[in-house]
$ cat start00.txt   # compact mmCIF, C-alpha atoms (C1' of nucleotides)
# COMPACT_ATOMS: atom_id res chain seq x y z
CA MET H 1 -11.22 37.49 -23.75
CA ARG H 2 -10.47 37.72 -20.12
CA PRO H 3 -7.66 40.09 -19.18
CA ASP H 4 -4.47 38.37 -18.22
CA PHE H 5 -3.88 39.18 -14.60
CA HIS H 6 -0.17 38.88 -15.07
CA SER H 7 -0.20 42.01 -17.17
CA HIS H 8 -1.79 44.16 -14.51
CA PRO H 9 0.67 47.00 -13.99
CA LEU H 10 0.43 46.97 -10.23
CA LEU H 11 1.01 43.27 -9.92
CA ALA H 12 3.64 42.50 -12.46
CA ALA H 13 5.53 45.75 -12.63
CA PRO H 14 9.19 44.97 -13.09
CA ARG H 15 11.26 45.80 -10.09
CA LEU H 16 13.40 48.87 -10.42
CA GLU H 17 16.94 48.12 -11.36
CA ARG H 18 18.55 50.75 -9.16
CA PRO H 19 18.73 50.01 -5.46
CA LEU H 20 15.64 51.02 -3.60
CA ILE H 21 15.88 53.45 -0.73
CA ALA H 22 13.52 51.43 1.39
CA PRO H 23 13.48 47.63 1.31
CA ASP H 24 10.36 45.83 0.26
CA PRO H 25 7.82 45.45 3.03
CA LEU H 26 7.51 42.14 4.81
CA LEU H 27 5.01 39.44 3.96
CA VAL H 28 4.50 36.75 6.55
CA VAL H 29 3.34 33.33 5.40
CA ILE H 30 2.12 30.80 7.92
CA LEU H 31 1.85 27.30 6.56
CA GLY H 32 1.32 23.89 8.06
CA PRO H 33 -1.07 20.99 8.17
CA THR H 34 -4.70 21.23 9.16
CA ALA H 35 -5.31 21.71 12.88
CA SER H 36 -1.75 22.79 13.57
CA GLY H 37 -2.86 26.14 14.95
CA LYS H 38 -2.25 28.45 12.03
CA THR H 39 -5.25 30.61 12.83
CA THR H 40 -4.26 31.19 16.43
CA LEU H 41 -0.73 32.11 15.50
CA SER H 42 -1.88 34.44 12.77
CA LEU H 43 -4.12 36.27 15.21
CA THR H 44 -1.30 36.71 17.68
CA LEU H 45 1.02 38.08 15.04
CA ALA H 46 -1.65 40.30 13.55
CA GLU H 47 -2.39 41.90 16.90
CA LYS H 48 1.25 42.38 17.66
CA TYR H 49 2.25 43.85 14.32
CA GLN H 50 -0.88 45.46 12.97
CA GLY H 51 -1.39 42.67 10.54
CA GLU H 52 -4.11 41.76 8.11
CA ILE H 53 -4.81 38.13 7.50
CA VAL H 54 -5.15 36.70 4.03
CA ASN H 55 -6.72 33.28 3.82
CA CYS H 56 -5.02 30.69 1.64
CA ASP H 57 -7.30 27.76 2.25
CA SER H 58 -9.29 26.78 -0.79
CA VAL H 59 -12.44 25.58 0.94
CA ALA H 60 -12.64 28.46 3.41
CA MET H 61 -13.27 30.73 0.47
CA TYR H 62 -16.72 29.30 -0.08
CA ARG H 63 -19.71 30.90 1.56
CA GLU H 64 -22.12 28.81 3.62
CA PHE H 65 -19.60 26.05 4.12
CA GLU H 66 -18.97 26.90 7.74
CA ILE H 67 -18.72 24.08 10.23
CA GLY H 68 -16.57 21.79 8.17
CA THR H 69 -14.07 24.43 7.14
CA ALA H 70 -12.82 25.56 10.55
CA LYS H 71 -12.86 29.17 9.42
CA PRO H 72 -11.91 31.77 11.99
CA THR H 73 -14.91 32.53 14.18
CA ALA H 74 -16.71 35.85 14.21
CA ALA H 75 -14.94 36.72 17.45
CA GLU H 76 -11.59 35.90 15.93
CA ARG H 77 -12.31 37.98 12.88
CA LEU H 78 -12.85 40.97 15.15
CA ARG H 79 -9.28 40.74 16.33
CA ALA H 80 -7.79 41.53 12.92
CA PRO H 81 -8.97 42.22 9.39
CA HIS H 82 -9.50 39.02 7.42
CA HIS H 83 -9.48 38.64 3.67
CA LEU H 84 -10.55 36.05 1.15
CA LEU H 85 -12.95 34.26 3.41
CA ASP H 86 -16.47 33.70 2.11
CA VAL H 87 -15.81 35.19 -1.29
CA VAL H 88 -17.10 32.37 -3.51
CA PRO H 89 -20.77 31.41 -3.81
CA PRO H 90 -21.46 27.79 -2.83
CA ASN H 91 -22.52 26.83 -6.30
CA ALA H 92 -19.55 28.43 -8.04
CA TYR H 93 -15.93 27.42 -7.94
CA ILE H 94 -12.58 29.06 -7.61
CA THR H 95 -9.27 28.00 -9.07
CA ALA H 96 -5.67 28.46 -8.07
CA GLY H 97 -5.13 31.03 -10.80
CA GLU H 98 -8.13 33.07 -9.79
CA TYR H 99 -7.05 32.89 -6.18
CA ALA H 100 -3.60 34.19 -7.01
CA ARG H 101 -5.09 37.10 -8.91
CA ILE H 102 -7.35 38.33 -6.15
CA ALA H 103 -4.87 37.53 -3.40
CA ARG H 104 -2.24 39.67 -5.08
CA VAL H 105 -4.66 42.56 -5.30
CA THR H 106 -5.45 42.10 -1.61
CA LEU H 107 -1.78 42.04 -0.69
CA GLN H 108 -1.23 45.23 -2.65
CA GLU H 109 -4.03 46.95 -0.78
CA ILE H 110 -2.64 45.90 2.58
CA LYS H 111 0.72 47.21 1.52
CA THR H 112 -0.82 50.54 0.61
CA ARG H 113 -2.30 50.76 4.08
CA GLY H 114 1.09 50.09 5.55
CA ASN H 115 -0.06 47.01 7.44
CA LEU H 116 1.60 43.64 7.69
CA PRO H 117 0.07 41.06 5.38
CA ILE H 118 -0.11 37.58 6.86
CA VAL H 119 -0.98 34.79 4.47
CA VAL H 120 -2.37 31.80 6.31
CA GLY H 121 -2.89 28.64 4.46
CA GLY H 122 -2.98 24.96 4.08
CA THR H 123 -3.55 24.78 0.35
CA GLY H 124 -0.13 24.24 -1.15
CA LEU H 125 -1.08 24.82 -4.74
CA TYR H 126 -2.78 28.13 -3.94
CA LEU H 127 0.24 29.26 -2.01
CA ARG H 128 2.48 28.40 -4.89
CA ALA H 129 0.20 30.16 -7.33
CA LEU H 130 0.29 33.25 -5.15
CA LEU H 131 4.00 33.30 -4.40
CA ASP H 132 5.56 31.76 -7.50
CA GLY H 133 2.80 32.20 -10.04
CA LEU H 134 1.37 29.70 -12.47
CA PHE H 135 2.35 29.28 -16.09
CA PRO H 136 0.18 31.36 -18.43
CA GLY H 137 -2.28 28.60 -19.23
CA PRO H 138 -5.81 28.78 -20.51
CA GLN H 139 -8.91 28.66 -18.37
CA ARG H 140 -10.94 25.49 -18.02
CA SER H 141 -13.22 24.49 -20.82
CA GLU H 142 -16.19 22.61 -19.43
CA LYS H 143 -17.33 21.39 -22.83
CA LEU H 144 -13.98 19.92 -23.67
CA ARG H 145 -13.70 18.34 -20.27
CA GLU H 146 -17.13 16.83 -20.51
CA ARG H 147 -16.25 15.32 -23.86
CA LEU H 148 -12.98 13.91 -22.59
CA ARG H 149 -14.56 12.46 -19.49
CA SER H 150 -17.36 10.70 -21.29
CA ARG H 151 -14.99 9.39 -23.91
CA ALA H 152 -12.61 8.15 -21.25
CA ASN H 153 -15.43 6.28 -19.53
CA SER H 154 -16.38 4.39 -22.63
CA LYS H 155 -12.84 3.53 -23.66
CA ALA H 156 -10.06 1.47 -22.20
CA PRO H 157 -8.37 2.76 -19.04
CA GLY H 158 -5.30 4.26 -20.65
CA HIS H 159 -7.24 6.25 -23.22
CA LEU H 160 -6.62 9.76 -21.93
CA HIS H 161 -3.01 9.00 -21.32
CA GLY H 162 -2.75 7.85 -24.91
CA ILE H 163 -4.17 11.13 -26.16
CA LEU H 164 -1.72 13.11 -24.11
CA GLN H 165 1.07 10.87 -25.29
CA ARG H 166 0.38 12.05 -28.81
CA LEU H 167 -0.16 15.69 -27.88
CA ASP H 168 2.67 16.13 -25.39
CA PRO H 169 4.88 13.12 -24.67
CA ALA H 170 6.91 14.97 -22.07
CA ALA H 171 3.78 15.76 -20.09
CA ALA H 172 2.51 12.23 -20.50
CA ALA H 173 5.73 10.94 -19.01
CA GLN H 174 5.15 13.06 -15.93
CA ILE H 175 1.51 12.35 -15.29
CA HIS H 176 0.42 8.90 -14.20
CA CYS H 177 -2.05 7.21 -16.51
CA ASN H 178 -4.58 6.88 -13.66
CA ASP H 179 -4.54 10.52 -12.70
CA THR H 180 -7.54 11.60 -14.73
CA PRO H 181 -7.90 15.20 -13.54
CA LYS H 182 -4.32 16.06 -14.34
CA LEU H 183 -4.48 14.29 -17.69
CA ILE H 184 -7.56 16.25 -18.60
CA ARG H 185 -5.97 19.54 -17.69
CA ALA H 186 -2.87 18.74 -19.71
CA ILE H 187 -4.91 17.80 -22.76
CA GLU H 188 -7.02 20.89 -22.30
CA VAL H 189 -3.93 23.09 -22.24
CA CYS H 190 -2.51 21.48 -25.37
CA LEU H 191 -5.75 21.81 -27.29
CA ALA H 192 -6.57 25.34 -26.18
CA THR H 193 -3.12 26.75 -26.81
CA ARG H 194 -2.33 24.60 -29.83
CA ASN H 195 0.96 24.03 -28.10
CA GLN H 196 2.39 21.48 -25.73
CA MET H 197 1.81 22.10 -22.05
CA THR H 198 5.45 21.41 -21.28
CA GLU H 199 6.33 24.10 -23.84
CA MET H 200 3.96 26.48 -22.11
CA TRP H 201 5.71 25.80 -18.83
CA LYS H 202 8.93 27.01 -20.32
CA GLN H 203 7.38 30.41 -20.75
CA GLY H 204 7.71 30.66 -17.02
CA SER H 205 5.52 32.16 -14.36
CA HIS H 206 5.31 35.50 -12.66
CA PRO H 207 6.37 35.29 -9.05
CA LEU H 208 5.01 37.74 -6.57
CA THR H 209 7.26 40.76 -6.28
CA GLY H 210 7.42 43.74 -4.00
CA PHE H 211 7.59 41.82 -0.73
CA ARG H 212 10.18 40.14 1.39
CA ILE H 213 8.67 36.84 2.28
CA LEU H 214 9.02 35.21 5.67
CA ARG H 215 7.71 31.66 5.68
CA MET H 216 6.90 30.07 8.99
CA GLY H 217 5.97 26.43 9.10
CA LEU H 218 4.09 24.67 11.86
CA ASN H 219 5.10 21.07 12.24
CA PRO H 220 3.80 19.66 15.51
CA GLU H 221 4.57 16.08 16.43
CA ARG H 222 2.45 13.81 14.29
CA GLY H 223 0.81 11.80 17.04
CA LEU H 224 -0.31 14.94 18.83
CA LEU H 225 -1.52 16.48 15.60
CA TYR H 226 -3.62 13.43 14.86
CA GLU H 227 -5.19 13.64 18.31
CA ARG H 228 -6.23 17.21 17.66
CA ILE H 229 -7.50 16.34 14.24
CA ASN H 230 -9.65 13.56 15.66
CA LEU H 231 -11.13 15.86 18.25
CA ARG H 232 -11.81 18.63 15.81
CA ALA H 233 -13.34 16.43 13.15
CA LYS H 234 -15.61 14.87 15.74
CA ARG H 235 -16.62 18.26 17.07
CA MET H 236 -17.68 19.33 13.60
CA PHE H 237 -20.35 16.65 13.69
CA ASP H 238 -21.39 17.69 17.19
CA LEU H 239 -21.76 21.25 15.98
CA GLY H 240 -24.12 20.24 13.19
CA LEU H 241 -22.08 19.34 10.15
CA ILE H 242 -24.78 16.94 9.05
CA GLU H 243 -27.49 19.58 9.24
CA GLU H 244 -25.38 22.13 7.44
CA THR H 245 -24.59 19.66 4.71
CA ARG H 246 -28.23 18.65 4.37
CA ALA H 247 -29.23 22.27 3.89
CA LEU H 248 -26.49 22.88 1.34
CA LEU H 249 -27.45 19.74 -0.50
CA GLN H 250 -31.04 20.89 -0.68
CA LYS H 251 -30.13 24.36 -1.87
CA TYR H 252 -27.35 23.65 -4.30
CA GLY H 253 -27.27 19.94 -5.08
CA ASP H 254 -24.48 17.52 -4.52
CA ASP H 255 -21.99 19.00 -6.95
CA ALA H 256 -21.88 22.31 -5.11
CA GLY H 257 -18.45 23.67 -4.45
CA PRO H 258 -16.46 21.68 -1.95
CA MET H 259 -19.05 18.98 -1.32
CA LYS H 260 -16.40 16.34 -1.86
CA SER H 261 -14.00 17.80 0.65
CA LEU H 262 -13.11 16.69 4.15
CA GLY H 263 -16.08 16.05 6.36
CA TYR H 264 -18.68 17.13 3.82
CA ARG H 265 -18.10 14.05 1.73
CA GLN H 266 -18.69 11.84 4.77
CA ALA H 267 -21.72 13.86 5.82
CA VAL H 268 -23.18 13.33 2.37
CA GLN H 269 -22.59 9.60 2.62
CA PHE H 270 -24.39 9.54 5.93
CA ILE H 271 -27.33 11.54 4.60
CA ARG H 272 -27.65 9.14 1.70
CA GLY H 273 -27.70 6.28 4.17
CA GLU H 274 -24.52 4.75 2.85
CA ILE H 275 -22.81 4.73 6.25
CA ASP H 276 -23.87 5.19 9.84
CA LEU H 277 -22.87 8.11 12.00
CA PRO H 278 -19.94 6.54 13.86
CA ASP H 279 -18.48 5.41 10.56
CA ALA H 280 -18.97 8.84 9.05
CA ILE H 281 -17.13 10.43 11.94
CA GLN H 282 -14.30 7.94 11.84
CA SER H 283 -14.01 8.26 8.12
CA ALA H 284 -13.90 12.04 8.36
CA GLN H 285 -11.21 11.87 11.01
CA GLN H 286 -9.22 9.56 8.82
CA ALA H 287 -9.60 11.87 5.83
CA HIS H 288 -8.36 14.82 7.85
CA ARG H 289 -5.36 12.84 9.03
CA ASN H 290 -4.48 11.74 5.51
CA TYR H 291 -4.85 15.29 4.34
CA ALA H 292 -2.45 16.54 6.99
CA LYS H 293 0.11 14.07 5.73
CA ARG H 294 -0.31 15.23 2.15
CA GLN H 295 0.06 18.83 3.22
CA MET H 296 3.34 18.04 4.94
CA THR H 297 4.60 16.27 1.86
CA TRP H 298 3.87 19.39 -0.15
CA PHE H 299 5.22 21.90 2.35
CA ARG H 300 8.47 20.04 2.91
CA ARG H 301 9.46 21.13 -0.56
CA GLU H 302 8.60 24.73 0.07
CA PRO H 303 11.82 26.78 0.14
CA ASP H 304 13.12 28.84 3.04
CA VAL H 305 10.61 27.77 5.62
CA LYS H 306 11.33 28.50 9.25
CA TRP H 307 10.00 25.28 10.70
CA MET H 308 8.76 25.11 14.24
CA THR H 309 7.94 21.84 15.93
CA ALA H 310 4.88 22.82 17.89
CA PHE H 311 1.29 24.02 17.63
CA GLY H 312 0.48 27.60 16.76
CA ASP H 313 -1.24 28.17 20.08
CA GLU H 314 1.74 27.22 22.23
CA SER H 315 3.16 30.28 23.92
CA GLU H 316 6.78 29.35 23.42
CA LEU H 317 6.25 28.98 19.70
CA GLN H 318 4.34 32.23 19.56
CA ARG H 319 7.21 33.98 21.23
CA LYS H 320 9.62 32.55 18.70
CA ALA H 321 7.36 33.58 15.86
CA ILE H 322 7.10 37.10 17.22
CA ASP H 323 10.88 37.28 17.43
CA LEU H 324 11.23 35.99 13.91
CA VAL H 325 8.96 38.68 12.58
CA ALA H 326 10.71 41.33 14.66
CA ALA H 327 14.07 40.29 13.30
CA SER H 328 12.77 40.34 9.76
CA LEU H 329 11.23 43.76 10.18
CA MET H 330 14.57 45.04 11.39
CA ASN H 331 16.46 44.15 8.21
C1' G F 1 -23.34 -29.78 28.78
C1' C F 2 -24.66 -30.88 23.53
C1' A F 3 -24.88 -29.02 18.23
C1' C F 4 -23.25 -26.02 14.48
C1' A F 5 -19.94 -21.84 12.78
C1' G F 6 -15.26 -19.89 13.38
C1' G F 7 -10.07 -18.61 15.16
C1' U F 8 -4.98 -16.11 9.19
C1' G F 9 -0.08 -10.59 9.16
C1' G F 10 -1.46 -3.58 12.86
C1' G F 11 -7.20 -4.09 11.34
C1' U F 12 -10.56 -6.44 7.99
C1' G F 13 -10.66 -10.53 4.94
C1' A F 14 -9.24 -14.15 0.71
C1' G F 15 -6.86 -18.56 0.46
C1' U F 16 -8.85 -25.16 1.67
C1' G F 17 -2.10 -30.04 0.26
C1' G F 18 2.99 -27.49 -3.33
C1' U F 19 3.31 -21.73 -8.09
C1' U F 20 1.66 -18.57 -0.29
C1' A F 21 5.76 -14.58 3.88
C1' A F 22 0.39 -15.48 2.54
C1' A F 23 -4.70 -11.79 -2.52
C1' G F 24 -7.79 -7.50 -1.97
C1' C F 25 -9.23 -3.56 1.08
C1' C F 26 -8.02 -0.36 5.38
C1' G F 27 -4.32 1.57 8.35
C1' G F 28 0.97 3.05 8.61
C1' C F 29 5.26 5.19 6.04
C1' A F 30 7.16 7.74 1.82
C1' G F 31 6.28 10.41 -2.65
C1' A F 32 3.94 13.27 -6.84
C1' C F 33 1.24 17.56 -7.78
C1' U F 34 1.94 24.27 -12.83
C1' G F 35 -6.38 26.90 -12.94
C1' U F 36 -12.51 22.89 -9.13
C1' A F 37 -6.04 20.65 -5.06
C1' A F 38 -9.84 19.61 1.83
C1' A F 39 -9.11 17.28 -5.08
C1' U F 40 -6.43 13.49 -7.74
C1' C F 41 -2.65 9.98 -8.17
C1' U F 42 1.91 6.69 -7.11
C1' G F 43 5.38 3.47 -4.35
C1' C F 44 6.66 0.60 0.02
C1' U F 45 4.76 -2.14 4.24
C1' C F 46 5.52 -9.82 8.79
C1' C F 47 9.57 -10.59 12.27
C1' U F 48 14.59 -11.76 12.25
C1' C F 49 19.66 -12.95 10.64
C1' C F 50 23.59 -12.42 6.81
C1' U F 51 24.45 -8.59 2.26
C1' A F 52 26.73 -2.04 0.19
C1' G F 53 23.00 -3.96 -3.28
C1' C F 54 21.22 -8.27 -6.05
C1' G F 55 20.03 -11.97 -3.01
C1' G F 56 20.02 -15.77 0.75
C1' G F 57 18.57 -18.09 5.64
C1' G F 58 15.19 -18.63 9.84
C1' U F 59 10.54 -18.27 12.07
C1' A F 60 4.90 -17.53 11.01
C1' C F 61 -1.81 -18.62 9.63
C1' G F 62 -5.15 -20.01 18.22
C1' A F 63 -1.79 -24.22 20.97
C1' A F 64 0.40 -29.01 21.00
C1' G F 65 0.96 -33.38 18.49
C1' G F 66 0.25 -36.37 13.93
C1' U F 67 -0.36 -37.77 8.46
C1' U F 68 2.57 -36.41 4.01
C1' C F 69 8.34 -35.81 -0.10
C1' G F 70 5.56 -31.25 1.12
C1' A F 71 0.29 -28.37 5.43
C1' A F 72 -2.54 -21.97 6.79
C1' U F 73 -4.92 -25.90 4.09
C1' C F 74 -5.95 -33.15 6.09
C1' C F 75 -6.34 -35.91 11.23
C1' U F 76 -6.29 -35.87 16.88
C1' U F 77 -6.50 -33.43 21.45
C1' C F 78 -6.63 -28.90 23.95
C1' C F 79 -7.71 -23.48 24.44
C1' C F 80 -10.69 -19.44 22.97
C1' U F 81 -15.05 -16.77 20.21
C1' G F 82 -20.04 -16.48 18.12
C1' U F 83 -24.76 -18.70 17.36
C1' G F 84 -28.51 -22.51 18.28
C1' C F 85 -30.42 -26.28 21.66
C1' A F 86 -30.56 -27.43 26.55

$ encode --input "start00.txt" --output "structure tokens"
Amino acid sequence: MRPDFHSHPLLAAPRLERPLIAPDPLLVVILGPTASGKTTLSLTLAEKYQGEIVNCDSVAMYREFEIGTAKPTAAERLRAPHHLLDVVPPNAYITAGEYARIARVTLQEIKTRGNLPIVVGGTGLYLRALLDGLFPGPQRSEKLRERLRSRANSKAPGHLHGILQRLDPAAAAQIHCNDTPKLIRAIEVCLATRNQMTEMWKQGSHPLTGFRILRMGLNPERGLLYERINLRAKRMFDLGLIEETRALLQKYGDDAGPMKSLGYRQAVQFIRGEIDLPDAIQSAQQAHRNYAKRQMTWFRREPDVKWMTAFGDESELQRKAIDLVAASLMN
RNA sequence: GCACAGGUGGGUGAGUGGUUAAAGCCGGCAGACUGUAAAUCUGCUCCUCCUAGCGGGGUACGAAGGUUCGAAUCCUUCCCUGUGCA
């Protein structure tokens, strides 16, 4: 049985009831769509405030996936300590729950050093898992999933939804019958816990404690963002995305880690001869743009975000961000 | 110049007399999301006028005419595009 990370004394210690002498230290969160300049802003803030950067981008956690992930460069990583980059082997996988566990440990360590933790991320679910916590659900069961998937393929379309309907009607009402991955997870939770997933949700989650959180959101004008996305996605191909993907494919096969993610999926299609290079590039650009939109949809619901309508590398925005942090440190 | 093929909504592409303001796909916009989330899924999407909304009206399938109760669909001419022959 794997230890429940929520019970770790350091992470989930109840806050003291009596007023604390010193307020909780600050935690800066930079969120925003892909290519909005989160990295640049994080570097600026880290240098200014002795910060340490904690990645919150799911794909950037994988080793050997380099060009397509727009990780901070080696030079950038020299400017401030970086965490949770390159921590997952290419043929393994990480989940939101696992991310939250290790990210919380990392945050605690930064706190101990007295530095300013700066969480930088585009993965909404990971951010939520870190900040708000997930419900205490079971881990994935590959066997069960395999069984469900193969059964679903041989049966009528609504099959999985029907199963969930019987197991947990409330969950079934919330998950669309076409959304196979979410249906599978819900069924998995019900079966593994012998309880309904919606009941499990009621047990609540464990939010991150011990920090005052300052959320800064980058929201540059959409047209400009899309231009940057197009340029960056194209550049990834110029820098050798195809070659990198080919090597990864050879080493780990096509189900390795984030092979289905932005850019890599298109590179794989090209390598297989399914599309030509211009189409692969265009398709990758499109995928990045669509992703940016989805990220904004997610982040708009995030509470207490200080939104800024510009890119993270614009000096005026950086000045505002610096002021925001200064003001928060003051309180 | 002649011969074929073709010109449909932001793109692509169905539709070959009425049930078509026009399928599907893409794009665009909006949304969902509780352990692989850079994943997965959902809704809306011609213009215009009236209506709070239901809804109703007007335009529209290269252009102009024509046939017909009725046309994106049939006919004529014209304009474009591609291919073949000269």

$ closest_atom_pairs --input "start00.txt" --of "chain F" --to "chain H" --cutoff "7 Å" --atoms "all atoms listed in the file" --output "CSV"
residue,atom,partner,partner_atom,distance
F:U34,C1',H:Leu134,CA,5.5
F:G35,C1',H:Gly97,CA,4.8
F:U36,C1',H:Tyr93,CA,5.8
F:A37,C1',H:Leu125,CA,6.5
F:A38,C1',H:Ser261,CA,4.7
F:U40,C1',H:Asp179,CA,6.1
F:C41,C1',H:Asp179,CA,4.9

$ write_last_selection --input "start00.txt" --atoms "C-alpha atoms (C1' of nucleotides)" --output "PDB file, keeping the file's coordinate frame"
ATOM      1  C1'   U F  34       1.940  24.270 -12.830  1.00  0.00           C
ATOM      2  C1'   G F  35      -6.380  26.900 -12.940  1.00  0.00           C
ATOM      3  C1'   U F  36     -12.510  22.890  -9.130  1.00  0.00           C
ATOM      4  C1'   A F  37      -6.040  20.650  -5.060  1.00  0.00           C
ATOM      5  C1'   A F  38      -9.840  19.610   1.830  1.00  0.00           C
ATOM      6  C1'   U F  40      -6.430  13.490  -7.740  1.00  0.00           C
ATOM      7  C1'   C F  41      -2.650   9.980  -8.170  1.00  0.00           C
TER       8        C F  41
END

$ residues_around --input "start00.txt" --residues "F:G15" --least-positions-apart "6" --cutoff "9 Å" --atoms "all atoms listed in the file" --output "PyMOL selection string"
chain F and resi 22-23+72-73

$ residues_around --input "start00.txt" --residues "stretch 49-61 of chain F" --least-positions-apart "2" --cutoff "9 Å" --atoms "all atoms listed in the file" --output "VMD selection string"
chain F and resid 8 to 9 21 to 22 46 to 47 72

$ atom_distance --input "start00.txt" --atom1 "atom CA of H:Gly223" --atom2 "atom CA of H:Ser36"
11.8 Å

$ axis_aligned_box --input "start00.txt" --around "stretch 53-59 of chain F" --padding-each-side "5 Å" --output "AutoDock Vina command-line options"
--center_x 16.8 --center_y -11.3 --center_z 3.0 --size_x 22.5 --size_y 24.7 --size_z 28.1

$ residues_near_point --input "start00.txt" --point "(-31.5, -27.8, 27.7)" --cutoff "10 Å" --atoms "all atoms listed in the file" --output "MDAnalysis selection string"
chainID F and resid 1:2 85:86
